[in-house]
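Structure record follows, encoded as structure tokens.
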Amino acid sequence: MAHGTAELSSELCPHSSPTQSFFHLHTVVFSMGEQNHSPRKELQPRTRAEAPGKKSWHSQAYALGAVSNFMSTFLTFPIYKVVFRQQIHAMAVSEAVRQLWHEGPQYFYRGIYPPLLSKTLQGTLLFGTYDSLLCFLSPVGPHTLGHRWAAGLMSGVVEAVALSPFERVQNVLQDGRKQARFPSTFSILKEFNSYGLWGRLSLGYYRGFWPVLARNSLGSALYFSFKDPIQDGLAEQGLPHWVPALVSGSVNGTITCLVLYPLIVLVANMQSHIGWQNMPSLWASAQDVWNTRGRKLLLIYRGGSLVILRSSVTWGLTTAIHDFLQRKSHSRKELKTD
């Protein structure tokens, strides 16, 4: 779970034109409640608990995650870019907006392609990997908190390994100080590829990997550990289908982002550096972040309100849509077997 940023995540809506897709998703999400209002039905098991031992995963779930993450990234990217400037320069929201406005609208969506690609991949990796690992750890169920935590932790590791290079390129592109030297994604890739093999990994594509690994693994473990218990508790109240999933995803996204936000700031600062010279270590980078924020925890969380809000919206929508798709797929299976 690449939360916040960087971070949910993150942090969603579908394809076609952004405006049409957003309102189409709004209609689909709210139509969930018309399917069934029975509290009993709400407690139908999700993931592989529905069919113990079955080794397949529905391609539509991958597609839904990909489309949702793609659209949410596009819609929330301006907010994220403002937050990124705050994390790098420790400035107020108004000052960050003013800085972006001064650079011109042609740079407003600069750096969006890496996160679009990475978030699309994240939507397919996160849920699919978690489900496969959960089945491996507990083929016939029930899935305990320990199983969910372990599967979530390992899926976060997979996510970090696969997507860290995208986040690295994205953070360089979004740093206004690098625009003249690195005007495009290609120029950054050319710089990384000029290093030796070890340099490409440690100083290039995987710069700041350890805090990324900690953030993603812990974030995914927290999200998957408490998503279903919160959702099932709300479902017992007889709420429409989409409400428990939406609230569960929002609450998990908010808490996870709030807890891990210092790591999000550290990653943004570490990955904004480029070149062989003046490349601080992990400890030196952490000290630099602490000192530039006046050695105050409150200043480290500057910009966090927007990140946490975006994470809440993003993961609420993601969870609701994913849950809706699983229920629809499960209903079709029941109709075929009857």
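How things are named: the first chain in the structure tokens is A, the next is B, and so on; residues count from 1 in each chain; ligands count from 1 in the order shown.
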
- [ ] Write down as number ranges by chain the residues of stretch 82-295 of chain A whose backbone DSSP state falls under alpha helix (DSSP H).
- [x] A: 82-89, 93-103, 113-137, 145-174, 185-193, 197-199, 209-235, 242-271, 282-292

Open item on the list: Set the distance at 9 Å and use only C-alpha atoms: which residues neighbour A:Leu163 once local chain neighbours fewer than 2 positions away are removed? I'd like the list as a list in words.
Closed with: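 In the requested format, the answer is Ala2, Ser118, Lys119, Leu121, Gln122, Val158, Glu159, Ala160, Val161, Pro165, Phe166, Glu167 and Arg168 of chain A.
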
Only all heavy atoms, please: the residues just picked out, written as an mmCIF file, in the first residue's frame.
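Saved file part-v9.cif follows:
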```cif
data_model
loop_
_atom_site.group_PDB
_atom_site.id
_atom_site.type_symbol
_atom_site.label_atom_id
_atom_site.label_comp_id
_atom_site.auth_asym_id
_atom_site.auth_seq_id
_atom_site.Cartn_x
_atom_site.Cartn_y
_atom_site.Cartn_z
ATOM 1 N N ALA A 2 1.041 1.930 -1.176
ATOM 2 C CA ALA A 2 1.865 3.086 -1.262
ATOM 3 C C ALA A 2 1.161 4.290 -0.809
ATOM 4 O O ALA A 2 0.595 5.075 -1.479
ATOM 5 C CB ALA A 2 2.290 3.272 -2.685
ATOM 6 N N SER A 118 2.278 3.432 -12.026
ATOM 7 C CA SER A 118 2.530 2.687 -10.794
ATOM 8 C C SER A 118 1.238 2.392 -10.030
ATOM 9 O O SER A 118 1.062 1.301 -9.484
ATOM 10 C CB SER A 118 3.508 3.459 -9.895
ATOM 11 O OG SER A 118 2.930 4.659 -9.418
ATOM 12 N N LYS A 119 0.309 3.349 -9.994
ATOM 13 C CA LYS A 119 -0.952 3.128 -9.281
ATOM 14 C C LYS A 119 -1.845 2.126 -10.004
ATOM 15 O O LYS A 119 -2.600 1.387 -9.372
ATOM 16 C CB LYS A 119 -1.699 4.452 -9.091
ATOM 17 C CG LYS A 119 -1.004 5.421 -8.163
ATOM 18 C CD LYS A 119 -0.831 4.850 -6.775
ATOM 19 C CE LYS A 119 -0.175 5.847 -5.836
ATOM 20 N NZ LYS A 119 0.043 5.263 -4.487
ATOM 21 N N LEU A 121 -0.650 -0.408 -11.725
ATOM 22 C CA LEU A 121 -0.050 -1.689 -11.347
ATOM 23 C C LEU A 121 -0.358 -2.033 -9.894
ATOM 24 O O LEU A 121 -0.573 -3.197 -9.542
ATOM 25 C CB LEU A 121 1.461 -1.642 -11.564
ATOM 26 C CG LEU A 121 1.944 -1.590 -13.014
ATOM 27 C CD1 LEU A 121 3.453 -1.405 -13.066
ATOM 28 C CD2 LEU A 121 1.540 -2.850 -13.759
ATOM 29 N N GLN A 122 -0.387 -1.002 -9.040
ATOM 30 C CA GLN A 122 -0.677 -1.237 -7.624
ATOM 31 C C GLN A 122 -2.057 -1.842 -7.432
ATOM 32 O O GLN A 122 -2.246 -2.734 -6.607
ATOM 33 C CB GLN A 122 -0.596 0.085 -6.849
ATOM 34 C CG GLN A 122 -0.864 -0.081 -5.357
ATOM 35 C CD GLN A 122 -1.104 1.250 -4.672
ATOM 36 O OE1 GLN A 122 -1.719 2.147 -5.236
ATOM 37 N NE2 GLN A 122 -0.607 1.377 -3.455
ATOM 38 N N VAL A 158 6.038 -7.052 -1.885
ATOM 39 C CA VAL A 158 5.982 -7.218 -3.341
ATOM 40 C C VAL A 158 5.708 -5.877 -4.014
ATOM 41 O O VAL A 158 6.330 -5.513 -5.026
ATOM 42 C CB VAL A 158 4.904 -8.248 -3.726
ATOM 43 C CG1 VAL A 158 4.712 -8.294 -5.239
ATOM 44 C CG2 VAL A 158 5.277 -9.628 -3.201
ATOM 45 N N GLU A 159 4.782 -5.136 -3.452
ATOM 46 C CA GLU A 159 4.423 -3.829 -4.008
ATOM 47 C C GLU A 159 5.619 -2.878 -3.987
ATOM 48 O O GLU A 159 5.878 -2.157 -4.969
ATOM 49 C CB GLU A 159 3.266 -3.243 -3.195
ATOM 50 C CG GLU A 159 2.793 -1.892 -3.660
ATOM 51 C CD GLU A 159 1.808 -1.261 -2.690
ATOM 52 O OE1 GLU A 159 1.518 -1.893 -1.652
ATOM 53 O OE2 GLU A 159 1.348 -0.150 -2.976
ATOM 54 N N ALA A 160 6.372 -2.869 -2.876
ATOM 55 C CA ALA A 160 7.530 -1.978 -2.762
ATOM 56 C C ALA A 160 8.600 -2.311 -3.788
ATOM 57 O O ALA A 160 9.162 -1.421 -4.438
ATOM 58 C CB ALA A 160 8.105 -2.061 -1.345
ATOM 59 N N VAL A 161 8.881 -3.600 -3.952
ATOM 60 C CA VAL A 161 9.907 -4.026 -4.909
ATOM 61 C C VAL A 161 9.504 -3.661 -6.336
ATOM 62 O O VAL A 161 10.320 -3.178 -7.135
ATOM 63 C CB VAL A 161 10.163 -5.544 -4.798
ATOM 64 C CG1 VAL A 161 11.084 -6.025 -5.915
ATOM 65 C CG2 VAL A 161 10.767 -5.885 -3.432
ATOM 66 N N PRO A 165 10.727 1.989 -8.177
ATOM 67 C CA PRO A 165 11.341 2.787 -9.252
ATOM 68 C C PRO A 165 10.409 3.851 -9.834
ATOM 69 O O PRO A 165 10.866 4.951 -10.191
ATOM 70 C CB PRO A 165 11.703 1.730 -10.306
ATOM 71 C CG PRO A 165 11.890 0.469 -9.532
ATOM 72 C CD PRO A 165 10.852 0.540 -8.445
ATOM 73 N N PHE A 166 9.116 3.552 -9.933
ATOM 74 C CA PHE A 166 8.167 4.540 -10.458
ATOM 75 C C PHE A 166 8.063 5.741 -9.520
ATOM 76 O O PHE A 166 8.029 6.888 -9.967
ATOM 77 C CB PHE A 166 6.786 3.902 -10.633
ATOM 78 C CG PHE A 166 6.743 2.821 -11.665
ATOM 79 C CD1 PHE A 166 6.770 1.487 -11.301
ATOM 80 C CD2 PHE A 166 6.673 3.125 -13.018
ATOM 81 C CE1 PHE A 166 6.728 0.479 -12.250
ATOM 82 C CE2 PHE A 166 6.634 2.130 -13.979
ATOM 83 C CZ PHE A 166 6.659 0.802 -13.588
ATOM 84 N N GLU A 167 7.992 5.452 -8.232
ATOM 85 C CA GLU A 167 7.886 6.536 -7.254
ATOM 86 C C GLU A 167 9.146 7.386 -7.256
ATOM 87 O O GLU A 167 9.088 8.603 -7.085
ATOM 88 C CB GLU A 167 7.633 5.949 -5.860
ATOM 89 C CG GLU A 167 7.379 6.996 -4.803
ATOM 90 C CD GLU A 167 7.061 6.392 -3.445
ATOM 91 O OE1 GLU A 167 7.012 5.143 -3.341
ATOM 92 O OE2 GLU A 167 6.866 7.168 -2.485
ATOM 93 N N ARG A 168 10.283 6.747 -7.447
ATOM 94 C CA ARG A 168 11.563 7.459 -7.492
ATOM 95 C C ARG A 168 11.574 8.475 -8.632
ATOM 96 O O ARG A 168 11.910 9.644 -8.442
ATOM 97 C CB ARG A 168 12.685 6.435 -7.658
ATOM 98 C CG ARG A 168 14.041 7.007 -8.055
ATOM 99 C CD ARG A 168 14.629 7.851 -6.953
ATOM 100 N NE ARG A 168 16.069 7.967 -7.126
ATOM 101 C CZ ARG A 168 16.753 9.076 -6.935
ATOM 102 N NH1 ARG A 168 16.141 10.187 -6.539
ATOM 103 N NH2 ARG A 168 18.074 9.093 -7.075
#
```

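Using only C-alpha atoms, the nearest neighbour of A:Arg148 within the list A:Ala320, A:Val247, A:Leu133, A:Ala268 is A:Leu133.
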
- [ ] Would you mind reading off the distance between atom CA of A:Tyr301 and atom CA of A:Leu263, one decimal, in Å?
- [x]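 We find that atom CA of A:Tyr301 and atom CA of A:Leu263 lie 10.6 Å from each other.
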
- [ ] Name the closest residue to A:Ser194 among the candidates A:Ser248, A:Arg302, A:Lys328, A:Gly275; distances are taken between atoms, counting only C-alpha atoms.
- [x] A:Gly275

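The gap separating atom CA of A:Ser164 from atom CA of A:Tyr205 is 7.2 Å, in Å to one decimal.
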
Open item on the list: Please compute the atom CA of A:Thr144-atom CA of A:Pro244 distance, one decimal, in Å.
Closed with: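 Interatomic distance here is 20.0 Å.
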
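Using only C-alpha atoms, the nearest neighbour of A:Trp283 within the list A:Leu299, A:Leu309, A:Leu266, A:Ile79 is A:Leu266.
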